[in-house]
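What's in my_file.pdb: PDB, C-alpha atoms, pLDDT in the B column
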```pdb
ATOM      1  CA  MET A   1    -228.719  73.507-157.020  1.00 52.00           C
ATOM      2  CA  SER A   2    -226.725  70.555-155.700  1.00 54.00           C
ATOM      3  CA  SER A   3    -227.341  69.148-152.208  1.00 53.00           C
ATOM      4  CA  THR A   4    -224.038  70.587-150.977  1.00 61.00           C
ATOM      5  CA  ASN A   5    -225.016  74.028-152.210  1.00 92.00           C
ATOM      6  CA  ALA A   6    -228.501  73.707-150.699  1.00 92.00           C
ATOM      7  CA  LEU A   7    -226.973  72.744-147.363  1.00 92.00           C
ATOM      8  CA  GLU A   8    -224.555  75.675-147.465  1.00 94.00           C
ATOM      9  CA  VAL A   9    -227.396  78.065-148.351  1.00 94.00           C
ATOM     10  CA  LEU A  10    -229.347  76.761-145.336  1.00 94.00           C
ATOM     11  CA  VAL A  11    -226.336  77.204-143.028  1.00 95.00           C
ATOM     12  CA  GLN A  12    -225.759  80.747-144.303  1.00 95.00           C
ATOM     13  CA  ALA A  13    -229.454  81.563-143.826  1.00 95.00           C
ATOM     14  CA  LEU A  14    -229.364  80.320-140.220  1.00 95.00           C
ATOM     15  CA  ARG A  15    -226.279  82.451-139.557  1.00 95.00           C
ATOM     16  CA  ARG A  16    -228.451  85.525-140.078  1.00 95.00           C
ATOM     17  CA  LEU A  17    -230.031  84.866-136.684  1.00 94.00           C
ATOM     18  CA  PRO A  18    -228.527  86.888-133.798  1.00 92.00           C
ATOM     19  CA  GLY A  19    -225.889  85.023-131.839  1.00 94.00           C
ATOM     20  CA  VAL A  20    -225.683  82.155-134.324  1.00 95.00           C
ATOM     21  CA  GLY A  21    -222.220  81.488-135.685  1.00 95.00           C
ATOM     22  CA  ALA A  22    -221.040  79.049-138.325  1.00 95.00           C
ATOM     23  CA  LYS A  23    -220.857  76.032-135.996  1.00 96.00           C
ATOM     24  CA  SER A  24    -224.268  76.616-134.424  1.00 96.00           C
ATOM     25  CA  ALA A  25    -225.860  77.192-137.831  1.00 95.00           C
ATOM     26  CA  ALA A  26    -224.336  73.987-139.191  1.00 95.00           C
ATOM     27  CA  ARG A  27    -225.493  72.060-136.099  1.00 96.00           C
ATOM     28  CA  MET A  28    -229.065  73.338-136.573  1.00 95.00           C
ATOM     29  CA  ALA A  29    -229.060  72.557-140.292  1.00 95.00           C
ATOM     30  CA  PHE A  30    -227.765  69.020-139.758  1.00 95.00           C
ATOM     31  CA  HIS A  31    -230.285  68.411-136.967  1.00 95.00           C
ATOM     32  CA  LEU A  32    -233.229  69.570-139.074  1.00 93.00           C
ATOM     33  CA  LEU A  33    -232.182  67.563-142.111  1.00 93.00           C
ATOM     34  CA  GLN A  34    -231.155  64.428-140.247  1.00 94.00           C
ATOM     35  CA  HIS A  35    -233.685  64.222-137.407  1.00 93.00           C
ATOM     36  CA  ASP A  36    -236.608  66.556-138.076  1.00 94.00           C
ATOM     37  CA  ARG A  37    -237.487  67.022-141.739  1.00 93.00           C
ATOM     38  CA  ALA A  38    -241.136  67.620-140.794  1.00 95.00           C
ATOM     39  CA  GLY A  39    -240.001  70.303-138.348  1.00 94.00           C
ATOM     40  CA  ALA A  40    -237.907  71.893-141.078  1.00 94.00           C
ATOM     41  CA  GLN A  41    -241.002  72.121-143.291  1.00 95.00           C
ATOM     42  CA  VAL A  42    -243.073  73.618-140.450  1.00 96.00           C
ATOM     43  CA  LEU A  43    -240.306  76.146-139.757  1.00 94.00           C
ATOM     44  CA  ALA A  44    -240.025  77.086-143.441  1.00 94.00           C
ATOM     45  CA  GLN A  45    -243.793  77.554-143.777  1.00 96.00           C
ATOM     46  CA  ALA A  46    -244.035  79.572-140.558  1.00 97.00           C
ATOM     47  CA  LEU A  47    -241.208  81.873-141.644  1.00 94.00           C
ATOM     48  CA  ALA A  48    -242.727  82.385-145.086  1.00 96.00           C
ATOM     49  CA  HIS A  49    -246.175  83.069-143.615  1.00 97.00           C
ATOM     50  CA  ALA A  50    -244.811  85.550-141.045  1.00 96.00           C
ATOM     51  CA  ALA A  51    -242.678  87.345-143.631  1.00 95.00           C
ATOM     52  CA  ASP A  52    -245.723  87.729-145.889  1.00 96.00           C
ATOM     53  CA  HIS A  53    -248.342  88.675-143.277  1.00 97.00           C
ATOM     54  CA  VAL A  54    -246.749  90.372-140.269  1.00 96.00           C
ATOM     55  CA  LYS A  55    -246.522  94.169-140.499  1.00 95.00           C
ATOM     56  CA  HIS A  56    -246.367  97.166-138.162  1.00 94.00           C
ATOM     57  CA  CYS A  57    -249.352  98.420-136.172  1.00 96.00           C
ATOM     58  CA  THR A  58    -250.301 101.857-137.481  1.00 94.00           C
ATOM     59  CA  ARG A  59    -250.669 103.198-133.915  1.00 94.00           C
ATOM     60  CA  CYS A  60    -247.859 101.677-131.845  1.00 94.00           C
ATOM     61  CA  HIS A  61    -245.546 100.204-134.496  1.00 93.00           C
ATOM     62  CA  THR A  62    -245.376  96.703-132.969  1.00 95.00           C
ATOM     63  CA  PHE A  63    -245.792  93.559-135.052  1.00 95.00           C
ATOM     64  CA  THR A  64    -249.316  92.525-136.027  1.00 96.00           C
ATOM     65  CA  GLU A  65    -251.215  90.945-138.885  1.00 96.00           C
ATOM     66  CA  ALA A  66    -253.951  93.611-138.710  1.00 96.00           C
ATOM     67  CA  GLU A  67    -253.768  97.356-139.327  1.00 96.00           C
ATOM     68  CA  VAL A  68    -254.025  97.980-135.571  1.00 96.00           C
ATOM     69  CA  CYS A  69    -252.800  95.465-132.974  1.00 96.00           C
ATOM     70  CA  ASN A  70    -254.982  93.885-130.284  1.00 96.00           C
ATOM     71  CA  THR A  71    -253.315  95.880-127.501  1.00 96.00           C
ATOM     72  CA  CYS A  72    -254.147  99.213-129.145  1.00 96.00           C
ATOM     73  CA  LEU A  73    -257.731  98.057-129.757  1.00 96.00           C
ATOM     74  CA  ASP A  74    -258.270  96.861-126.162  1.00 96.00           C
ATOM     75  CA  PRO A  75    -260.757  99.274-124.510  1.00 96.00           C
ATOM     76  CA  GLY A  76    -259.605  98.064-121.084  1.00 96.00           C
ATOM     77  CA  ARG A  77    -256.125  99.578-121.520  1.00 97.00           C
ATOM     78  CA  ASP A  78    -255.241 102.902-119.854  1.00 96.00           C
ATOM     79  CA  ALA A  79    -254.844 105.239-122.834  1.00 95.00           C
ATOM     80  CA  THR A  80    -253.414 108.006-120.620  1.00 96.00           C
ATOM     81  CA  ARG A  81    -250.155 106.078-120.114  1.00 96.00           C
ATOM     82  CA  LEU A  82    -247.819 105.339-123.013  1.00 96.00           C
ATOM     83  CA  CYS A  83    -244.778 103.092-122.554  1.00 96.00           C
ATOM     84  CA  VAL A  84    -241.944 103.543-125.063  1.00 95.00           C
ATOM     85  CA  VAL A  85    -239.828 100.454-125.784  1.00 95.00           C
ATOM     86  CA  GLU A  86    -237.102  99.659-128.295  1.00 93.00           C
ATOM     87  CA  THR A  87    -238.448  96.424-129.787  1.00 92.00           C
ATOM     88  CA  PRO A  88    -241.524  94.186-129.922  1.00 94.00           C
ATOM     89  CA  ALA A  89    -239.538  91.714-127.764  1.00 92.00           C
ATOM     90  CA  ASP A  90    -239.229  94.393-125.057  1.00 93.00           C
ATOM     91  CA  GLN A  91    -242.974  95.032-125.266  1.00 95.00           C
ATOM     92  CA  SER A  92    -243.644  91.311-124.935  1.00 93.00           C
ATOM     93  CA  ALA A  93    -241.427  91.110-121.837  1.00 91.00           C
ATOM     94  CA  LEU A  94    -243.324  93.977-120.174  1.00 91.00           C
ATOM     95  CA  GLU A  95    -246.661  92.407-121.074  1.00 92.00           C
ATOM     96  CA  ARG A  96    -245.653  89.094-119.492  1.00 92.00           C
ATOM     97  CA  THR A  97    -245.224  90.858-116.127  1.00 88.00           C
ATOM     98  CA  GLY A  98    -248.912  91.842-116.103  1.00 89.00           C
ATOM     99  CA  ALA A  99    -247.862  95.027-114.279  1.00 90.00           C
ATOM    100  CA  PHE A 100    -248.572  97.555-117.050  1.00 92.00           C
ATOM    101  CA  GLN A 101    -252.065  98.155-118.395  1.00 94.00           C
ATOM    102  CA  GLY A 102    -251.377 101.201-120.555  1.00 96.00           C
ATOM    103  CA  LEU A 103    -250.492 101.408-124.246  1.00 97.00           C
ATOM    104  CA  TYR A 104    -247.152 101.144-126.019  1.00 97.00           C
ATOM    105  CA  PHE A 105    -245.043 102.737-128.695  1.00 96.00           C
ATOM    106  CA  VAL A 106    -242.317 100.548-130.215  1.00 95.00           C
ATOM    107  CA  LEU A 107    -239.349 102.460-131.622  1.00 93.00           C
ATOM    108  CA  MET A 108    -237.909  99.512-133.581  1.00 84.00           C
ATOM    109  CA  GLY A 109    -234.437 100.458-132.468  1.00 88.00           C
ATOM    110  CA  ARG A 110    -232.461 103.047-130.564  1.00 89.00           C
ATOM    111  CA  LEU A 111    -230.401 106.085-131.398  1.00 82.00           C
ATOM    112  CA  SER A 112    -226.867 105.211-132.404  1.00 85.00           C
ATOM    113  CA  PRO A 113    -225.072 108.098-134.130  1.00 78.00           C
ATOM    114  CA  LEU A 114    -221.939 105.998-134.683  1.00 79.00           C
ATOM    115  CA  ASP A 115    -224.038 103.543-136.711  1.00 83.00           C
ATOM    116  CA  GLY A 116    -225.902 106.319-138.512  1.00 84.00           C
ATOM    117  CA  VAL A 117    -229.192 105.707-136.664  1.00 83.00           C
ATOM    118  CA  GLY A 118    -230.923 109.000-135.923  1.00 79.00           C
ATOM    119  CA  PRO A 119    -234.361 110.099-134.671  1.00 79.00           C
ATOM    120  CA  LYS A 120    -235.993 109.706-138.097  1.00 83.00           C
ATOM    121  CA  ASP A 121    -234.795 106.091-138.318  1.00 81.00           C
ATOM    122  CA  ILE A 122    -236.570 105.010-135.132  1.00 84.00           C
ATOM    123  CA  GLY A 123    -239.812 106.965-135.594  1.00 84.00           C
ATOM    124  CA  VAL A 124    -239.362 109.715-132.989  1.00 86.00           C
ATOM    125  CA  GLN A 125    -241.625 112.112-134.926  1.00 89.00           C
ATOM    126  CA  LYS A 126    -244.420 109.528-135.023  1.00 93.00           C
ATOM    127  CA  LEU A 127    -243.963 108.980-131.280  1.00 92.00           C
ATOM    128  CA  LEU A 128    -244.216 112.720-130.602  1.00 92.00           C
ATOM    129  CA  GLN A 129    -247.456 112.888-132.615  1.00 92.00           C
ATOM    130  CA  ARG A 130    -248.882 109.910-130.741  1.00 93.00           C
ATOM    131  CA  ALA A 131    -247.851 111.221-127.325  1.00 94.00           C
ATOM    132  CA  THR A 132    -249.357 114.655-127.938  1.00 93.00           C
ATOM    133  CA  ASP A 133    -252.766 113.370-129.046  1.00 92.00           C
ATOM    134  CA  GLY A 134    -254.489 115.011-126.074  1.00 92.00           C
ATOM    135  CA  VAL A 135    -255.171 111.668-124.353  1.00 94.00           C
ATOM    136  CA  VAL A 136    -251.681 110.627-123.210  1.00 94.00           C
ATOM    137  CA  GLN A 137    -250.709 112.168-119.867  1.00 95.00           C
ATOM    138  CA  GLU A 138    -247.621 110.146-118.907  1.00 95.00           C
ATOM    139  CA  VAL A 139    -244.918 108.670-121.126  1.00 95.00           C
ATOM    140  CA  ILE A 140    -242.843 105.912-119.540  1.00 94.00           C
ATOM    141  CA  LEU A 141    -239.436 105.517-121.149  1.00 93.00           C
ATOM    142  CA  ALA A 142    -238.556 101.823-121.037  1.00 92.00           C
ATOM    143  CA  THR A 143    -235.532 101.785-123.316  1.00 91.00           C
ATOM    144  CA  ASN A 144    -232.655  99.514-122.355  1.00 89.00           C
ATOM    145  CA  PHE A 145    -229.986 100.653-119.901  1.00 88.00           C
ATOM    146  CA  THR A 146    -227.224 100.687-122.514  1.00 87.00           C
ATOM    147  CA  ALA A 147    -225.399 103.820-123.669  1.00 87.00           C
ATOM    148  CA  GLU A 148    -227.634 103.968-126.761  1.00 90.00           C
ATOM    149  CA  GLY A 149    -230.789 103.257-124.748  1.00 89.00           C
ATOM    150  CA  GLU A 150    -229.944 105.996-122.253  1.00 90.00           C
ATOM    151  CA  THR A 151    -229.252 108.457-125.074  1.00 89.00           C
ATOM    152  CA  THR A 152    -232.538 107.529-126.730  1.00 92.00           C
ATOM    153  CA  ALA A 153    -234.436 108.010-123.450  1.00 92.00           C
ATOM    154  CA  TYR A 154    -232.775 111.386-122.870  1.00 92.00           C
ATOM    155  CA  VAL A 155    -233.513 112.755-126.358  1.00 91.00           C
ATOM    156  CA  ILE A 156    -237.115 111.551-126.329  1.00 93.00           C
ATOM    157  CA  GLY A 157    -237.640 112.667-122.738  1.00 94.00           C
ATOM    158  CA  GLU A 158    -236.451 116.199-123.433  1.00 93.00           C
ATOM    159  CA  ALA A 159    -238.660 116.473-126.530  1.00 92.00           C
ATOM    160  CA  LEU A 160    -241.715 115.242-124.598  1.00 94.00           C
ATOM    161  CA  LYS A 161    -241.088 117.481-121.577  1.00 93.00           C
ATOM    162  CA  ALA A 162    -240.861 120.463-123.928  1.00 93.00           C
ATOM    163  CA  ARG A 163    -244.400 119.581-125.038  1.00 92.00           C
ATOM    164  CA  GLY A 164    -245.687 119.584-121.464  1.00 91.00           C
ATOM    165  CA  LEU A 165    -245.965 115.836-120.899  1.00 93.00           C
ATOM    166  CA  GLU A 166    -245.052 113.981-117.721  1.00 93.00           C
ATOM    167  CA  VAL A 167    -242.089 111.755-118.526  1.00 94.00           C
ATOM    168  CA  THR A 168    -240.895 108.911-116.295  1.00 92.00           C
ATOM    169  CA  ARG A 169    -238.137 106.314-116.703  1.00 90.00           C
ATOM    170  CA  LEU A 170    -238.023 102.694-115.600  1.00 87.00           C
ATOM    171  CA  ALA A 171    -236.235 102.382-112.278  1.00 82.00           C
ATOM    172  CA  ARG A 172    -232.892 100.649-112.066  1.00 79.00           C
ATOM    173  CA  GLY A 173    -231.956  98.555-109.107  1.00 79.00           C
ATOM    174  CA  VAL A 174    -230.844  95.380-107.455  1.00 74.00           C
ATOM    175  CA  PRO A 175    -232.489  92.271-108.952  1.00 78.00           C
ATOM    176  CA  VAL A 176    -235.007  90.467-106.758  1.00 79.00           C
ATOM    177  CA  GLY A 177    -233.397  87.556-104.930  1.00 81.00           C
ATOM    178  CA  SER A 178    -229.831  88.754-105.367  1.00 77.00           C
ATOM    179  CA  GLU A 179    -227.150  89.299-102.738  1.00 76.00           C
ATOM    180  CA  LEU A 180    -225.471  92.704-102.650  1.00 71.00           C
ATOM    181  CA  GLU A 181    -221.939  91.325-102.566  1.00 77.00           C
ATOM    182  CA  TYR A 182    -222.502  89.768-106.019  1.00 79.00           C
ATOM    183  CA  VAL A 183    -224.252  92.738-107.672  1.00 78.00           C
ATOM    184  CA  ASP A 184    -222.098  94.977-109.875  1.00 80.00           C
ATOM    185  CA  LEU A 185    -221.167  98.375-108.423  1.00 84.00           C
ATOM    186  CA  GLY A 186    -222.953 100.370-111.135  1.00 80.00           C
ATOM    187  CA  THR A 187    -226.254  98.654-110.331  1.00 79.00           C
ATOM    188  CA  ILE A 188    -225.814  99.308-106.604  1.00 81.00           C
ATOM    189  CA  ALA A 189    -224.991 102.967-107.262  1.00 81.00           C
ATOM    190  CA  HIS A 190    -228.103 103.423-109.434  1.00 77.00           C
ATOM    191  CA  ALA A 191    -230.251 101.607-106.858  1.00 75.00           C
ATOM    192  CA  LEU A 192    -229.051 104.028-104.172  1.00 76.00           C
ATOM    193  CA  ALA A 193    -229.638 107.070-106.379  1.00 75.00           C
ATOM    194  CA  ASP A 194    -233.106 105.896-107.445  1.00 73.00           C
ATOM    195  CA  ARG A 195    -234.200 104.712-103.992  1.00 67.00           C
ATOM    196  CA  ARG A 196    -237.746 105.539-102.885  1.00 63.00           C
TER     197      ARG A 196
END
```
Translate this structure into structure tokens?
Amino acid sequence: MSSTNALEVLVQALRRLPGVGAKSAARMAFHLLQHDRAGAQVLAQALAHAADHVKHCTRCHTFTEAEVCNTCLDPGRDATRLCVVETPADQSALERTGAFQGLYFVLMGRLSPLDGVGPKDIGVQKLLQRATDGVVQEVILATNFTAEGETTAYVIGEALKARGLEVTRLARGVPVGSELEYVDLGTIAHALADRR
């Protein structure tokens, strides 16, 4: 493989990252090769190691190197509350708040019929089994507030309610520190409807 081909392969590989176009990928490739060859090696090794060793937790479906992740194994977590999120990144964001001490279930996506993504593709059946284990009392739906996220929350919520579980949804509202005149009308409307 010639150096030009190797460079193009690197640029194309970087373009696989979300939000990275041709120019950004080329800029990253040139930076790594021109200014940070050691960093490029570290990045390559870290990617290879993660691709070989990271898998899904058998209980919550998040990323882990073990069969069961540390969160699921933590005896200090409240096993009666199960928070359903779309991705491991969403779980990580909730964990950083320190406000939730229950357990999680990561869907690894959301329902999107137009893209051919149905309940089987995101593990809804596995979620239903987990939620009806006799320990879980409340399921918190923390899917994103997009059309697909709302649809996913609705479908899962109805299935869980039919099985006698308490189902709650993350509240929507005005961001902390914002001024009402600059908040979009949809957010204000939801904040009024979901007021407490």
Let me know the residues the PyMOL selection byres ((chain A and resi 10-21) around 12) catches in the file above, as an mmCIF file with C-alpha atoms, in the coordinates of the input.
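The result, written out as expr-v5.cif:
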```
data_model
loop_
_atom_site.group_PDB
_atom_site.id
_atom_site.type_symbol
_atom_site.label_atom_id
_atom_site.label_comp_id
_atom_site.auth_asym_id
_atom_site.auth_seq_id
_atom_site.Cartn_x
_atom_site.Cartn_y
_atom_site.Cartn_z
ATOM 1 C CA SER A 3 -227.341 69.148 -152.208
ATOM 2 C CA THR A 4 -224.038 70.587 -150.977
ATOM 3 C CA ASN A 5 -225.016 74.028 -152.210
ATOM 4 C CA ALA A 6 -228.501 73.707 -150.699
ATOM 5 C CA LEU A 7 -226.973 72.744 -147.363
ATOM 6 C CA GLU A 8 -224.555 75.675 -147.465
ATOM 7 C CA VAL A 9 -227.396 78.065 -148.351
ATOM 8 C CA ALA A 22 -221.040 79.049 -138.325
ATOM 9 C CA LYS A 23 -220.857 76.032 -135.996
ATOM 10 C CA SER A 24 -224.268 76.616 -134.424
ATOM 11 C CA ALA A 25 -225.860 77.192 -137.831
ATOM 12 C CA ALA A 26 -224.336 73.987 -139.191
ATOM 13 C CA ARG A 27 -225.493 72.060 -136.099
ATOM 14 C CA MET A 28 -229.065 73.338 -136.573
ATOM 15 C CA ALA A 29 -229.060 72.557 -140.292
ATOM 16 C CA PHE A 30 -227.765 69.020 -139.758
ATOM 17 C CA HIS A 31 -230.285 68.411 -136.967
ATOM 18 C CA LEU A 32 -233.229 69.570 -139.074
ATOM 19 C CA LEU A 33 -232.182 67.563 -142.111
ATOM 20 C CA ALA A 40 -237.907 71.893 -141.078
ATOM 21 C CA LEU A 43 -240.306 76.146 -139.757
ATOM 22 C CA ALA A 44 -240.025 77.086 -143.441
ATOM 23 C CA LEU A 47 -241.208 81.873 -141.644
#
```
Nearest to Thr87 of chain A by atom-to-atom distance, counting all atoms listed in the file, from A:Ala142, A:Ala46, A:Leu103, A:Ile188: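 So, comparing all the options, the nearest one is A:Ala142.
Taken over the whole file, the PyMOL selection byres ((chain A and resi 60) around 6) covers exactly Cys57, Arg59, His61, Thr62, Tyr104, Phe105 and Val106 of chain A.
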Hey, what comes out of the PyMOL selection byres ((chain A and resi 55) around 6) on this file? Could you write it as a list in words?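 What the PyMOL selection byres ((chain A and resi 55) around 6) grabs from the file is Val54, His56, Phe63, Thr64 and Glu65 of chain A.
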Include C-alpha atoms and write out the residues we just selected as an mmCIF file, keeping the file's coordinate frame.
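Output below, filename again.cif:
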```cif
data_model
loop_
_atom_site.group_PDB
_atom_site.id
_atom_site.type_symbol
_atom_site.label_atom_id
_atom_site.label_comp_id
_atom_site.auth_asym_id
_atom_site.auth_seq_id
_atom_site.Cartn_x
_atom_site.Cartn_y
_atom_site.Cartn_z
ATOM 1 C CA VAL A 54 -246.749 90.372 -140.269
ATOM 2 C CA HIS A 56 -246.367 97.166 -138.162
ATOM 3 C CA PHE A 63 -245.792 93.559 -135.052
ATOM 4 C CA THR A 64 -249.316 92.525 -136.027
ATOM 5 C CA GLU A 65 -251.215 90.945 -138.885
#
```
Could you work out an axis-aligned box for segment 62-71 of chain A, taking every atom the file lists and adding 3 Å on each side, and report centre and edge lengths in Å to one decimal, as JSON?
```
{"center_x": -250.2, "center_y": 94.5, "center_z": -133.4, "size_x": 15.6, "size_y": 13.0, "size_z": 17.8}
```
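Among the candidates A:Gly134, A:Pro175, A:Gly109, A:Gly123, the residue lying nearest to Thr58 of chain A is A:Gly123 (atoms considered: all atoms listed in the file).
Closest approach to Asp133 of chain A among A:Thr71, A:Thr187, A:Thr80, A:Gln45: A:Thr80, based on only C-alpha atoms.
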What gap, in Å, lies between atom CA of Gln91 of chain A and atom CA of Thr143 of chain A?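 For atom CA of Gln91 of chain A relative to atom CA of Thr143 of chain A, the distance reads 10.2 Å.
Atom CA of Glu148 of chain A is found 20.2 Å from atom CA of Ala191 of chain A.
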At what distance in Å, to one decimal, does atom CA of Arg110 of chain A lie from atom CA of His49 of chain A?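 Separation between atom CA of His49 of chain A and atom CA of Arg110 of chain A: 27.5 Å.
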Distance query 10 Å from (-246.5, 103.4, -122.0) using all atoms listed in the file, result as a ChimeraX atom specification: /A:78-85,91,100-106,131,136-142,168
Mind completing segment 68-77 of chain A with all heavy atoms? Output as a PDB file, in the coordinates of the input, please?
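Output below, filename out_29.pdb:
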```pdb
ATOM      1  N   VAL A  68    -254.242  97.551-136.948  1.00 96.00           N
ATOM      2  CA  VAL A  68    -254.025  97.980-135.571  1.00 96.00           C
ATOM      3  C   VAL A  68    -253.966  96.726-134.698  1.00 96.00           C
ATOM      4  O   VAL A  68    -254.803  95.838-134.834  1.00 96.00           O
ATOM      5  CB  VAL A  68    -255.158  98.924-135.095  1.00 96.00           C
ATOM      6  CG1 VAL A  68    -254.952  99.343-133.651  1.00 96.00           C
ATOM      7  CG2 VAL A  68    -255.251 100.161-136.004  1.00 96.00           C
ATOM      8  N   CYS A  69    -252.993  96.662-133.802  1.00 96.00           N
ATOM      9  CA  CYS A  69    -252.800  95.465-132.974  1.00 96.00           C
ATOM     10  C   CYS A  69    -253.879  95.339-131.903  1.00 96.00           C
ATOM     11  O   CYS A  69    -254.597  96.302-131.600  1.00 96.00           O
ATOM     12  CB  CYS A  69    -251.413  95.493-132.325  1.00 96.00           C
ATOM     13  SG  CYS A  69    -251.243  96.704-130.999  1.00 96.00           S
ATOM     14  N   ASN A  70    -253.974  94.155-131.316  1.00 96.00           N
ATOM     15  CA  ASN A  70    -254.982  93.885-130.284  1.00 96.00           C
ATOM     16  C   ASN A  70    -254.795  94.749-129.043  1.00 96.00           C
ATOM     17  O   ASN A  70    -255.772  95.141-128.408  1.00 96.00           O
ATOM     18  CB  ASN A  70    -254.956  92.405-129.885  1.00 96.00           C
ATOM     19  CG  ASN A  70    -255.494  91.519-130.983  1.00 96.00           C
ATOM     20  OD1 ASN A  70    -256.268  91.961-131.831  1.00 96.00           O
ATOM     21  ND2 ASN A  70    -255.073  90.272-130.993  1.00 96.00           N
ATOM     22  N   THR A  71    -253.555  95.046-128.683  1.00 96.00           N
ATOM     23  CA  THR A  71    -253.315  95.880-127.501  1.00 96.00           C
ATOM     24  C   THR A  71    -253.887  97.275-127.714  1.00 96.00           C
ATOM     25  O   THR A  71    -254.565  97.811-126.837  1.00 96.00           O
ATOM     26  CB  THR A  71    -251.804  95.956-127.185  1.00 96.00           C
ATOM     27  OG1 THR A  71    -251.300  94.632-127.004  1.00 96.00           O
ATOM     28  CG2 THR A  71    -251.538  96.783-125.942  1.00 96.00           C
ATOM     29  N   CYS A  72    -253.630  97.867-128.861  1.00 96.00           N
ATOM     30  CA  CYS A  72    -254.147  99.213-129.145  1.00 96.00           C
ATOM     31  C   CYS A  72    -255.675  99.227-129.216  1.00 96.00           C
ATOM     32  O   CYS A  72    -256.301 100.244-128.899  1.00 96.00           O
ATOM     33  CB  CYS A  72    -253.564  99.751-130.449  1.00 96.00           C
ATOM     34  SG  CYS A  72    -251.824 100.238-130.327  1.00 96.00           S
ATOM     35  N   LEU A  73    -256.275  98.128-129.630  1.00 96.00           N
ATOM     36  CA  LEU A  73    -257.731  98.057-129.757  1.00 96.00           C
ATOM     37  C   LEU A  73    -258.433  97.714-128.446  1.00 96.00           C
ATOM     38  O   LEU A  73    -259.654  97.847-128.351  1.00 96.00           O
ATOM     39  CB  LEU A  73    -258.107  97.003-130.806  1.00 96.00           C
ATOM     40  CG  LEU A  73    -257.776  97.353-132.253  1.00 96.00           C
ATOM     41  CD1 LEU A  73    -258.064  96.160-133.159  1.00 96.00           C
ATOM     42  CD2 LEU A  73    -258.541  98.583-132.711  1.00 96.00           C
ATOM     43  N   ASP A  74    -257.682  97.303-127.429  1.00 96.00           N
ATOM     44  CA  ASP A  74    -258.270  96.861-126.162  1.00 96.00           C
ATOM     45  C   ASP A  74    -258.829  98.053-125.385  1.00 96.00           C
ATOM     46  O   ASP A  74    -258.068  98.903-124.915  1.00 96.00           O
ATOM     47  CB  ASP A  74    -257.200  96.145-125.337  1.00 96.00           C
ATOM     48  CG  ASP A  74    -257.745  95.561-124.043  1.00 96.00           C
ATOM     49  OD1 ASP A  74    -258.891  95.870-123.656  1.00 96.00           O
ATOM     50  OD2 ASP A  74    -257.004  94.786-123.408  1.00 96.00           O
ATOM     51  N   PRO A  75    -260.165  98.139-125.221  1.00 96.00           N
ATOM     52  CA  PRO A  75    -260.757  99.274-124.510  1.00 96.00           C
ATOM     53  C   PRO A  75    -260.441  99.263-123.014  1.00 96.00           C
ATOM     54  O   PRO A  75    -260.614 100.285-122.341  1.00 96.00           O
ATOM     55  CB  PRO A  75    -262.260  99.103-124.751  1.00 96.00           C
ATOM     56  CG  PRO A  75    -262.439  97.655-125.019  1.00 96.00           C
ATOM     57  CD  PRO A  75    -261.174  97.185-125.673  1.00 96.00           C
ATOM     58  N   GLY A  76    -259.942  98.155-122.496  1.00 96.00           N
ATOM     59  CA  GLY A  76    -259.605  98.064-121.084  1.00 96.00           C
ATOM     60  C   GLY A  76    -258.234  98.637-120.744  1.00 96.00           C
ATOM     61  O   GLY A  76    -257.877  98.736-119.567  1.00 96.00           O
ATOM     62  N   ARG A  77    -257.461  99.025-121.763  1.00 97.00           N
ATOM     63  CA  ARG A  77    -256.125  99.578-121.520  1.00 97.00           C
ATOM     64  C   ARG A  77    -256.239 101.046-121.112  1.00 97.00           C
ATOM     65  O   ARG A  77    -257.148 101.747-121.525  1.00 97.00           O
ATOM     66  CB  ARG A  77    -255.250  99.467-122.766  1.00 97.00           C
ATOM     67  CG  ARG A  77    -255.083  98.088-123.367  1.00 97.00           C
ATOM     68  CD  ARG A  77    -254.389  97.096-122.502  1.00 97.00           C
ATOM     69  NE  ARG A  77    -252.982  97.366-122.289  1.00 97.00           N
ATOM     70  CZ  ARG A  77    -252.056  96.418-122.179  1.00 97.00           C
ATOM     71  NH1 ARG A  77    -252.373  95.145-122.322  1.00 97.00           N
ATOM     72  NH2 ARG A  77    -250.823  96.727-121.925  1.00 97.00           N
TER      73      ARG A  77
END
```
